[in-house]
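S.K.: Can you keep this structure in mind? I'll have questions shortly.
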Amino acid sequence: MFSSIQNYHSFLATNPTGCSETVEHYLAKIEAQKHLNAFVETFADDARQQAKTLDTKRNAGEPLGKLHGVVVSIKDVICYKGHKVTASSKILENYTAVYNATAVEKLLKEDAIIIGRNNCDEFAMGSSSENSFYGNIKNGLNETLVPGGSSGGSAVAVQMGMSMVSLGSDTGGSVRQPADFCGIVGLKPTYGRISRYGLIAYASSFDQIGIFANSVDDAALVLEVIAGTDDFDSTASLQEVPNYSEQLTTDKKYRFVYFRQAIEHPGLDKEMAATIQSYIQKLKDDGHIVEPVEFDLLDETIPTYYVLTTAEASSNLSRFDGVKYGYRAADNFNSLQEMYKKTRSEGFGKEVQRRIMLGTFVLSEGYFDAYYTKAQQVRQMLCNTTNEVFKNYDAILSPTVPSTAFKIGAKSNDSVAMYLADLYTVFSNLVGIPAICVPLFKHSNGMPFGLQVMGKHFKETEMLSMAKSLEKK
Amino acid sequence: MDTSKYEAVIGLEVHAQLQTNTKLFCGDSILFGAEPNTQVSPITLGHPGTLPKTNTKAIDFAVKLGLACNCEIVEKNYFARKNYFYPDLPKGYQISQHTTPICKGGTVPIKIDGVEKIIQLNRIHIEEDAGKSIHDLYDNETCIDLNRAGTPLLEIVTEPCLHSSEEAFQYVTELRKLVRWIGVCDGNMEQGSLRCDANVSIRLKGETTLGTKVEVKNVNSIRNVKRAIDAEIKRMIELVEGGGTVTQQTRSYDVNTDKTIGIRDKEDANDYRYFADPDLNPFHITQEFVSSIQASLPTLPNKLAEEFKQEFGLSDYDAAQLCEDKSIADFFNKTAAINSNYKGIANFILGPVKQYLNENSLSIDEISLQANNLSDLIKIIDEGKVNFSVASSKILPIIIAENKSPLQVAQELNLLQTNDSNEIEDWVNTVIQNMPDKVAEYKKGKKGLIGLFVGEVKKLSKGKADPKIVTDLLTSKLNS
């Protein structure tokens, strides 16, 4: 009955205490799988109260919200007023959100139930969910493996039935990569499609709230609810939000393109490459056009991404200084400088410190042009390439990650190897286009993987339709 | 010590808080004087996840001042982050402009001893203010008030083209007049809505390269701008004459000792790591927008003074004085529209009216004086019904306090001047009878006593006797 929002709503239609029962079900699931470490905290009391209110509302025959009773978990970087939000960092330990993120506001307005906050990489920085102040997260399908990151807790929550859908954030693949490792749907909309107000910033020009779901349909419905313009975010788009959930089609033929260098990349797992190649043939057989194009800049995407995101992060994270809220080092410092240094050295984890330092470096006088300006130029070139490609094609197909989920600890001492896990995902964040990962395959190692579809700016309806077509096959 | 071989080179950075009601990137009030930390939304406090949203009124104001200073208005703009850590800077960066100031170049004309000098501007840009650190409330603690954080500012930067504290004084005076005139800033230096930092250096006269500069901060009145610069020039010359060299520093002016004190050396200077703020979209200023702002701009003081001279035949001095303050100039204009004794109006406004305003620290908008009442007052002076001194000392205070006809006031207080010569002759005779000694002295040649007699008649008549008739009558009687 929880396999899709639609089925769930049919169940609720005949069950007067349905929401309350459902909340108990999910709370029990979370409790039973505590060892996976997917949740930092459950909001049990509020969820139960909300369920009761919703049951009463439904029984009274009042109009119901689009996400009536849907159990949602949120990554620990999204503000939910009156509840703790810490970016899985010591520096925000015990910090309570003083307002609702716009996305949360919209979820609640459509009757969703927020069951708890998901563990993640500290400040969304990481590809394996091993950088959390609350400890690492385990992949539910194989507990010796990572779930991917940074939104690992959200992915595992949906993977293991601890919430129906989950909101994560995707700066360079942090939704799609863990979705791929966990075998579920992961959607990153166009930059600006969902307000970022209330999403703790990592890299402002890349960050986008993303959705984990069991199906494309569920993801489409949640997107329809949380997308849209916002008075509190000037980078949120003014473009109208379509009713995605009612507009998805599965009968169209598309013009797909893939980057030759991506499929032939030496870092891509051989079996995955072969599986994807043969899948491409199948798509052609079904009447779609699938063609390769050259893409010389693939290997530049990761350095470009890391220069720009760390630059933005170094500035975005300056507000965590021990002055106004959050963690402050014990009161035995002799100067303001020392207070800052101690607070931030003790409050931030290693990976966050590494990225702050890297970002501070690339913005420094004397280095700015060589790194930051150069990276902005590459970003512009990538945008131009994208526009060219989309003149002839409807969408770009690509692997989501070069490998299936890897062993916990396998890459945690090798940052560069870890950063390569983002090879296929950072592109859409660099150019701002929407992307979705659809679970389609199973590796001989037993782990799932899927295919990534990247659509045109604000053409989520088309992209979701394509994803649904693939999902149905 | 020979100070005359040195020349000072000064550049000024003025920060003007904009009268926008709300902050630059959120809806918090910017009203001065509120309880500390009461105008602080999560956005002002830099809570996690908050984002800025531009108050477009600040852009209007920036363009307004830019046009008033003949700046080039930059079409493509973006906001940049200036990164540094300080407790009164909640986000750890200040949102400012860097490579694209909204206004480039520009000029502000000043007058030094009647000679015009053009002060060249480098740029005007928009930025947000920081909060306030209060160091003197407790011994070992600093208090932070973030009400001011996020208040919109314009930073107006001159070229290093000033050469004396007097020029700096005149420039800031002129700039303050201008920002008030066009209504973008209240210009109140004591409350910090207008602040001035001075970059000062010295060099030997005739040299063309600039000396090492010192930035002098914490100057909170126009008079102190002058004093701080003088103090710094004096310090620099003494230093150099004593064999020392000036080091690049930030110094603070201490009013009590009339000295500047070093607060930061160049080595401690921040690398601000400017980059375009990714939370805000670049913004474009269209030609239509510039035209609409241009159309909304009032006639500027220098031009208006010129018009007053042409149209009303006023002197340079009167025209300039009237154009010191827009509300005064407007009031003059209104009065001049209904009374053609322009010189009389100017005299009355610049004399007794302005004196009253200064004594009571009021602006002309804050009193009940109406243009038609002032016009009527001048009319009854011109008609000889009251004299100037009675009009200014007795009638004016009443028509300042309430909207009342001056003629009616004069009647009620029995102040109407008489030119009935019988009545005046009675007063004159009484005075002559009462002062035989003085009359004798007068007759012996002490002609200056005439003023005394006139004054006595004035007293006796309670100001109602026309002084001209009184003088004539007295003279003829005493000389007979």
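How things are named: the first chain in the structure tokens is A, the next is B, and so on; residues count from 1 in each chain; ligands count from 1 in the order shown.
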Could you pull out the residues in segment 66-153 of chain A that DSSP calls helix (DSSP H, G or I) from the backbone, as a list of chain:residue names?
M.R.: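 Those residues are A:Lys90, A:Ile91, A:Leu92, A:Thr102, A:Ala103, A:Val104, A:Glu105, A:Lys106, A:Leu107, A:Leu108, A:Lys109, A:Glu122, A:Phe123, A:Ala124, A:Gly152, A:Gly153.
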S.K.: Go ahead and dump the residues you just picked, C-alpha atoms, as a CSV table (one decimal), in the first residue's frame.
M.R.:
chain,number,residue,atom,x,y,z
A,90,LYS,CA,29.1,19.9,15.4
A,91,ILE,CA,29.1,23.6,14.6
A,92,LEU,CA,25.3,23.6,14.5
A,102,THR,CA,10.0,27.5,1.5
A,103,ALA,CA,10.0,23.8,0.4
A,104,VAL,CA,8.9,22.7,3.9
A,105,GLU,CA,6.2,25.4,4.0
A,106,LYS,CA,4.9,24.0,0.7
A,107,LEU,CA,5.0,20.4,1.8
A,108,LEU,CA,3.1,21.2,5.0
A,109,LYS,CA,0.5,23.3,3.1
A,122,GLU,CA,28.6,17.5,6.9
A,123,PHE,CA,27.3,20.6,5.1
A,124,ALA,CA,26.5,18.3,2.1
A,152,GLY,CA,22.9,9.3,2.0
A,153,GLY,CA,20.4,9.2,4.8
S.K.: Specify as a ChimeraX atom specification all residues of chain B found within 10 Å of chain A, counting only C-alpha atoms.
M.R.: /B:25-26,41-43,45-54,81-93,144,271-281
S.K.: Any chance you could export the current selection's N, CA and C atoms as a CSV table (one decimal), in the first residue's frame?
M.R.:
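Saved the output as again.csv:
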chain,number,residue,atom,x,y,z
B,25,PHE,N,18.5,44.2,1.8
B,25,PHE,CA,18.2,42.9,1.3
B,25,PHE,C,17.1,42.1,2.1
B,26,CYS,N,16.4,42.9,3.0
B,26,CYS,CA,15.2,42.3,3.7
B,26,CYS,C,14.3,43.4,4.2
B,41,SER,N,15.7,40.4,11.6
B,41,SER,CA,15.0,39.2,11.2
B,41,SER,C,16.1,38.1,11.0
B,42,PRO,N,15.7,36.8,10.8
B,42,PRO,CA,16.7,35.8,10.5
B,42,PRO,C,17.6,36.2,9.4
B,43,ILE,N,17.1,36.9,8.4
B,43,ILE,CA,18.0,37.3,7.3
B,43,ILE,C,19.1,38.3,7.7
B,45,LEU,N,20.3,38.5,10.7
B,45,LEU,CA,21.2,37.7,11.6
B,45,LEU,C,22.0,36.7,10.9
B,46,GLY,N,21.8,36.5,9.6
B,46,GLY,CA,22.5,35.5,8.8
B,46,GLY,C,22.3,34.1,9.3
B,47,HIS,N,21.0,33.8,9.6
B,47,HIS,CA,20.7,32.4,10.0
B,47,HIS,C,20.9,31.5,8.8
B,48,PRO,N,21.3,30.2,9.1
B,48,PRO,CA,21.5,29.3,8.0
B,48,PRO,C,20.3,29.2,7.0
B,49,GLY,N,20.6,29.2,5.8
B,49,GLY,CA,19.6,29.0,4.8
B,49,GLY,C,18.9,30.3,4.3
B,50,THR,N,19.2,31.5,5.0
B,50,THR,CA,18.5,32.7,4.5
B,50,THR,C,19.2,33.3,3.3
B,51,LEU,N,18.5,34.1,2.5
B,51,LEU,CA,19.0,34.6,1.3
B,51,LEU,C,18.6,36.1,1.2
B,52,PRO,N,19.4,36.9,0.5
B,52,PRO,CA,19.1,38.3,0.3
B,52,PRO,C,18.1,38.5,-0.9
B,53,LYS,N,17.3,39.6,-0.8
B,53,LYS,CA,16.5,40.0,-1.9
B,53,LYS,C,16.6,41.5,-2.0
B,54,THR,N,17.0,42.0,-3.1
B,54,THR,CA,17.3,43.4,-3.3
B,54,THR,C,16.2,44.4,-3.1
B,81,ARG,N,30.6,39.9,-2.9
B,81,ARG,CA,30.8,39.7,-1.5
B,81,ARG,C,32.2,40.1,-1.1
B,82,LYS,N,32.2,40.9,0.0
B,82,LYS,CA,33.5,41.3,0.6
B,82,LYS,C,33.7,40.5,1.9
B,83,ASN,N,34.6,39.6,1.8
B,83,ASN,CA,34.7,38.6,2.9
B,83,ASN,C,35.6,39.0,4.0
B,84,TYR,N,35.1,39.1,5.2
B,84,TYR,CA,36.0,39.2,6.4
B,84,TYR,C,35.2,38.9,7.6
B,85,PHE,N,36.0,38.5,8.7
B,85,PHE,CA,35.3,38.1,9.9
B,85,PHE,C,35.3,39.3,10.9
B,86,TYR,N,34.1,39.6,11.4
B,86,TYR,CA,34.0,40.5,12.5
B,86,TYR,C,32.6,40.3,13.2
B,87,PRO,N,32.6,40.4,14.5
B,87,PRO,CA,31.3,40.0,15.2
B,87,PRO,C,30.1,40.8,14.7
B,88,ASP,N,30.3,42.1,14.2
B,88,ASP,CA,29.1,42.9,13.8
B,88,ASP,C,28.8,42.6,12.3
B,89,LEU,N,29.4,41.7,11.7
B,89,LEU,CA,29.1,41.3,10.3
B,89,LEU,C,28.6,39.9,10.3
B,90,PRO,N,27.2,39.8,10.4
B,90,PRO,CA,26.6,38.5,10.7
B,90,PRO,C,26.9,37.4,9.7
B,91,LYS,N,27.0,37.7,8.4
B,91,LYS,CA,27.2,36.6,7.4
B,91,LYS,C,28.7,36.3,7.2
B,92,GLY,N,29.6,37.1,7.8
B,92,GLY,CA,31.0,36.9,7.5
B,92,GLY,C,31.4,37.5,6.2
B,93,TYR,N,30.5,38.2,5.6
B,93,TYR,CA,30.8,38.9,4.4
B,93,TYR,C,29.8,40.1,4.2
B,144,ILE,N,27.2,43.9,20.8
B,144,ILE,CA,26.9,44.0,19.4
B,144,ILE,C,25.4,44.4,19.2
B,271,ASP,N,42.5,40.3,3.0
B,271,ASP,CA,42.3,40.0,1.6
B,271,ASP,C,40.8,39.7,1.5
B,272,TYR,N,40.1,40.6,1.0
B,272,TYR,CA,38.6,40.5,1.0
B,272,TYR,C,38.0,39.4,0.1
B,273,ARG,N,38.8,38.9,-0.7
B,273,ARG,CA,38.4,37.8,-1.6
B,273,ARG,C,37.0,38.1,-2.2
B,274,TYR,N,36.9,39.2,-2.9
B,274,TYR,CA,35.7,39.6,-3.6
B,274,TYR,C,35.3,38.6,-4.6
B,275,PHE,N,34.1,38.3,-4.7
B,275,PHE,CA,33.5,37.6,-5.9
B,275,PHE,C,32.0,37.9,-6.0
B,276,ALA,N,31.5,37.7,-7.2
B,276,ALA,CA,30.1,38.0,-7.4
B,276,ALA,C,29.2,37.2,-6.5
B,277,ASP,N,28.3,37.8,-5.8
B,277,ASP,CA,27.4,37.1,-4.9
B,277,ASP,C,26.5,36.2,-5.7
B,278,PRO,N,26.6,34.8,-5.5
B,278,PRO,CA,25.8,33.9,-6.3
B,278,PRO,C,24.3,33.9,-5.8
B,279,ASP,N,24.0,34.5,-4.7
B,279,ASP,CA,22.6,34.5,-4.2
B,279,ASP,C,21.8,35.6,-4.9
B,280,LEU,N,22.5,36.5,-5.7
B,280,LEU,CA,21.8,37.6,-6.3
B,280,LEU,C,22.0,37.6,-7.8
B,281,ASN,N,21.0,37.8,-8.6
B,281,ASN,CA,21.2,37.9,-10.0
B,281,ASN,C,21.9,39.2,-10.4
S.K.: Please run DSSP on the backbone and report, as a ChimeraX atom specification, all residues within segment 79-238 of chain A that come out as strand (DSSP E or B).
M.R.: /A:84,96,113-118,139,142,145,165-169,185-188,194,199,209-213,227
S.K.: Residues near segment 173-180 of chain B, anyone? I mean within 9 Å using only C-alpha atoms, not counting same-chain ones fewer than 4 positions away, as a list in words.
M.R.: Val14, Ala16, Leu65, Ala68, Cys69, Val108, Pro109, Ile110, Ala168, Phe169, Val184, Cys185, Asp186, Gly187, Asn188, Leu194, Ile222, Leu300, Pro301, Glu324, Asp325 and Lys326 of chain B
S.K.: Pull all heavy atoms from the residues just selected and write them as a compact mmCIF listing (two decimals), in the first residue's frame.
M.R.:
# COMPACT_ATOMS: atom_id res chain seq x y z
N VAL B 14 32.91 58.72 1.54
CA VAL B 14 31.76 59.07 2.37
C VAL B 14 30.73 57.95 2.26
O VAL B 14 30.44 57.47 1.17
CB VAL B 14 31.15 60.42 1.91
CG1 VAL B 14 29.84 60.68 2.62
CG2 VAL B 14 32.14 61.55 2.17
N ALA B 16 26.86 57.10 2.94
CA ALA B 16 25.57 57.74 3.20
C ALA B 16 24.50 56.66 3.36
O ALA B 16 24.28 55.85 2.45
CB ALA B 16 25.20 58.66 2.04
N LEU B 65 21.56 59.93 -7.05
CA LEU B 65 22.77 60.65 -6.64
C LEU B 65 23.79 60.67 -7.77
O LEU B 65 24.46 61.69 -7.99
CB LEU B 65 23.38 60.02 -5.38
CG LEU B 65 24.60 60.77 -4.82
CD1 LEU B 65 24.22 62.21 -4.45
CD2 LEU B 65 25.20 60.05 -3.62
N ALA B 68 22.83 63.33 -10.09
CA ALA B 68 23.06 64.64 -9.47
C ALA B 68 24.54 65.01 -9.48
O ALA B 68 24.89 66.19 -9.43
CB ALA B 68 22.51 64.67 -8.06
N CYS B 69 25.41 63.99 -9.53
CA CYS B 69 26.86 64.25 -9.55
C CYS B 69 27.46 64.06 -10.94
O CYS B 69 28.68 63.92 -11.08
CB CYS B 69 27.58 63.34 -8.56
SG CYS B 69 27.12 63.59 -6.85
N VAL B 108 31.70 67.00 -8.04
CA VAL B 108 30.99 67.83 -7.06
C VAL B 108 31.72 69.17 -7.00
O VAL B 108 32.89 69.23 -6.61
CB VAL B 108 30.99 67.17 -5.66
CG1 VAL B 108 30.38 68.10 -4.62
CG2 VAL B 108 30.24 65.84 -5.69
N PRO B 109 31.07 70.26 -7.43
CA PRO B 109 31.73 71.57 -7.37
C PRO B 109 31.69 72.15 -5.96
O PRO B 109 30.67 72.03 -5.27
CB PRO B 109 30.92 72.45 -8.33
CG PRO B 109 29.61 71.75 -8.49
CD PRO B 109 29.73 70.34 -8.02
N ILE B 110 32.81 72.71 -5.50
CA ILE B 110 32.81 73.40 -4.21
C ILE B 110 33.37 74.80 -4.43
O ILE B 110 33.89 75.09 -5.50
CB ILE B 110 33.69 72.66 -3.16
CG1 ILE B 110 35.15 72.58 -3.61
CG2 ILE B 110 33.13 71.29 -2.87
CD1 ILE B 110 36.11 72.13 -2.53
N ALA B 168 38.26 69.58 2.05
CA ALA B 168 37.52 68.43 2.52
C ALA B 168 36.25 68.87 3.23
O ALA B 168 35.16 68.32 3.02
CB ALA B 168 38.38 67.59 3.46
N PHE B 169 36.40 69.91 4.06
CA PHE B 169 35.26 70.45 4.78
C PHE B 169 34.18 70.93 3.82
O PHE B 169 33.00 70.59 3.96
CB PHE B 169 35.76 71.62 5.66
CG PHE B 169 34.69 72.30 6.46
CD1 PHE B 169 34.37 71.84 7.72
CD2 PHE B 169 34.01 73.41 5.95
CE1 PHE B 169 33.38 72.48 8.47
CE2 PHE B 169 33.02 74.04 6.68
CZ PHE B 169 32.71 73.57 7.95
N VAL B 184 17.88 61.45 -0.53
CA VAL B 184 18.32 60.05 -0.42
C VAL B 184 18.90 59.74 0.96
O VAL B 184 18.98 58.59 1.36
CB VAL B 184 19.33 59.66 -1.53
CG1 VAL B 184 18.72 59.83 -2.89
CG2 VAL B 184 20.63 60.43 -1.40
N CYS B 185 19.30 60.78 1.70
CA CYS B 185 19.96 60.56 2.99
C CYS B 185 19.70 61.78 3.87
O CYS B 185 19.65 62.89 3.36
CB CYS B 185 21.47 60.39 2.77
SG CYS B 185 22.48 60.36 4.27
N ASP B 186 19.51 61.57 5.18
CA ASP B 186 19.22 62.73 6.03
C ASP B 186 20.49 63.49 6.41
O ASP B 186 20.42 64.55 7.04
CB ASP B 186 18.40 62.33 7.26
CG ASP B 186 19.16 61.44 8.23
OD1 ASP B 186 20.40 61.39 8.16
OD2 ASP B 186 18.51 60.78 9.06
N GLY B 187 21.66 62.93 6.06
CA GLY B 187 22.91 63.67 6.25
C GLY B 187 23.30 63.91 7.69
O GLY B 187 24.13 64.76 7.98
N ASN B 188 22.73 63.15 8.61
CA ASN B 188 23.00 63.37 10.02
C ASN B 188 24.28 62.67 10.46
O ASN B 188 24.30 61.47 10.70
CB ASN B 188 21.80 62.86 10.83
CG ASN B 188 21.90 63.27 12.27
OD1 ASN B 188 22.99 63.38 12.83
ND2 ASN B 188 20.75 63.51 12.86
N LEU B 194 25.63 59.79 7.88
CA LEU B 194 26.65 60.21 6.92
C LEU B 194 27.99 60.07 7.63
O LEU B 194 28.17 60.61 8.70
CB LEU B 194 26.41 61.66 6.48
CG LEU B 194 27.15 62.10 5.23
CD1 LEU B 194 26.45 61.54 3.99
CD2 LEU B 194 27.19 63.62 5.12
N ILE B 222 31.32 67.25 10.44
CA ILE B 222 32.07 67.89 9.35
C ILE B 222 33.25 68.67 9.92
O ILE B 222 34.34 68.68 9.36
CB ILE B 222 31.15 68.80 8.52
CG1 ILE B 222 30.07 67.94 7.85
CG2 ILE B 222 31.95 69.55 7.46
CD1 ILE B 222 29.27 68.66 6.80
N LEU B 300 18.76 71.12 -9.10
CA LEU B 300 19.82 71.03 -8.10
C LEU B 300 20.21 72.42 -7.57
O LEU B 300 19.98 73.42 -8.24
CB LEU B 300 21.04 70.33 -8.71
CG LEU B 300 20.74 68.88 -9.13
CD1 LEU B 300 21.96 68.26 -9.79
CD2 LEU B 300 20.30 68.05 -7.94
N PRO B 301 20.75 72.50 -6.36
CA PRO B 301 20.95 73.78 -5.68
C PRO B 301 21.72 74.83 -6.49
O PRO B 301 21.29 75.98 -6.54
CB PRO B 301 21.69 73.41 -4.39
CG PRO B 301 22.03 71.96 -4.49
CD PRO B 301 21.13 71.37 -5.51
N GLU B 324 20.82 76.65 0.29
CA GLU B 324 21.51 75.76 1.21
C GLU B 324 20.62 74.59 1.59
O GLU B 324 21.08 73.53 1.96
CB GLU B 324 21.90 76.51 2.49
CG GLU B 324 23.17 77.33 2.37
CD GLU B 324 24.37 76.47 2.05
OE1 GLU B 324 24.61 75.50 2.79
OE2 GLU B 324 25.04 76.76 1.04
N ASP B 325 19.35 74.83 1.56
CA ASP B 325 18.40 73.86 2.08
C ASP B 325 17.17 73.85 1.18
O ASP B 325 16.61 74.90 0.88
CB ASP B 325 18.03 74.31 3.52
CG ASP B 325 17.02 73.40 4.18
OD1 ASP B 325 16.09 72.91 3.48
OD2 ASP B 325 17.13 73.20 5.40
N LYS B 326 16.78 72.66 0.75
CA LYS B 326 15.73 72.59 -0.26
C LYS B 326 14.40 73.12 0.26
O LYS B 326 13.66 73.79 -0.45
CB LYS B 326 15.55 71.17 -0.75
CG LYS B 326 14.53 71.05 -1.87
CD LYS B 326 14.76 69.82 -2.70
CE LYS B 326 13.80 69.80 -3.87
NZ LYS B 326 12.41 69.86 -3.45
S.K.: Rounded to one decimal place, report the atom CA of Phe331 of chain B-atom CA of Ile349 of chain B distance in Å.
M.R.: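 About the pair atom CA of Phe331 of chain B and atom CA of Ile349 of chain B: they are 8.8 Å apart.
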S.K.: Skipping near chain neighbours, those fewer than 5 positions away, what residues fall within 7 Å of segment 249-265 of chain A using only C-alpha atoms, listed as JSON, numbers by chain?
M.R.: {"A": [273, 287, 288, 289, 290, 291, 292, 293, 294, 295, 393, 394, 395, 396, 397, 398, 465, 466, 468, 469]}
S.K.: Could you work out how far atom CA of Glu159 of chain B lies from atom CA of Gly106 of chain B, giving the answer in Å with one decimal?
M.R.: 10.0 Å
S.K.: List the neighbours of Asp2 of chain B out to 12 Å using only C-alpha atoms; skip same-chain residues closer than 2 positions along the sequence, and give me the result as a ChimeraX atom specification.
M.R.: /B:4-7,204,234,237-238,240-242
S.K.: Could you check the closest approach to Leu153 of chain B for each of B:Glu423, B:Glu267, B:Asp437, B:Glu128 and tell me which residue wins, using only C-alpha atoms?
M.R.: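 Of B:Glu423, B:Glu267, B:Asp437, B:Glu128, the one nearest Leu153 of chain B, counting only C-alpha atoms, is B:Glu128.
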S.K.: Given only C-alpha atoms as the basis, pick out the residue of B:Gly11, B:Gly27, B:Gly313, B:Gly150 nearest to Leu162 of chain B.
M.R.: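 That would be B:Gly11, the residue with the smallest distance to Leu162 of chain B.
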S.K.: For Glu31 of chain A, list every protein, DNA or RNA residue within 12 Å, evaluated using only C-alpha atoms, and leave out those in the same chain fewer than 2 positions away; present the list as number ranges by chain.
M.R.: A: 24-29, 33-42, 44, 116, 157, 160-162
S.K.: Please provide the set of residues having any atom within 8 Å of Lys64 of chain B, restricted to only C-alpha atoms, with same-chain residues fewer than 2 positions apart removed, written as a ChimeraX atom specification.
M.R.: /B:60-62,66-68,182,293-294,297
S.K.: Provide the atom CA of Ile338 of chain B to atom CA of Ile378 of chain B distance in Å, to one decimal place.
M.R.: 11.2 Å
S.K.: With distances taken over only C-alpha atoms, which of B:Ile102, B:Val219, B:Ala336, B:Leu210 is nearest to Met189 of chain B?
M.R.: B:Val219
S.K.: Identify which of the residues B:Tyr171, B:Phe289, B:Phe388, B:Phe283 lies closest to Leu12 of chain B, counting only C-alpha atoms when measuring atom-to-atom distances.
M.R.: B:Tyr171
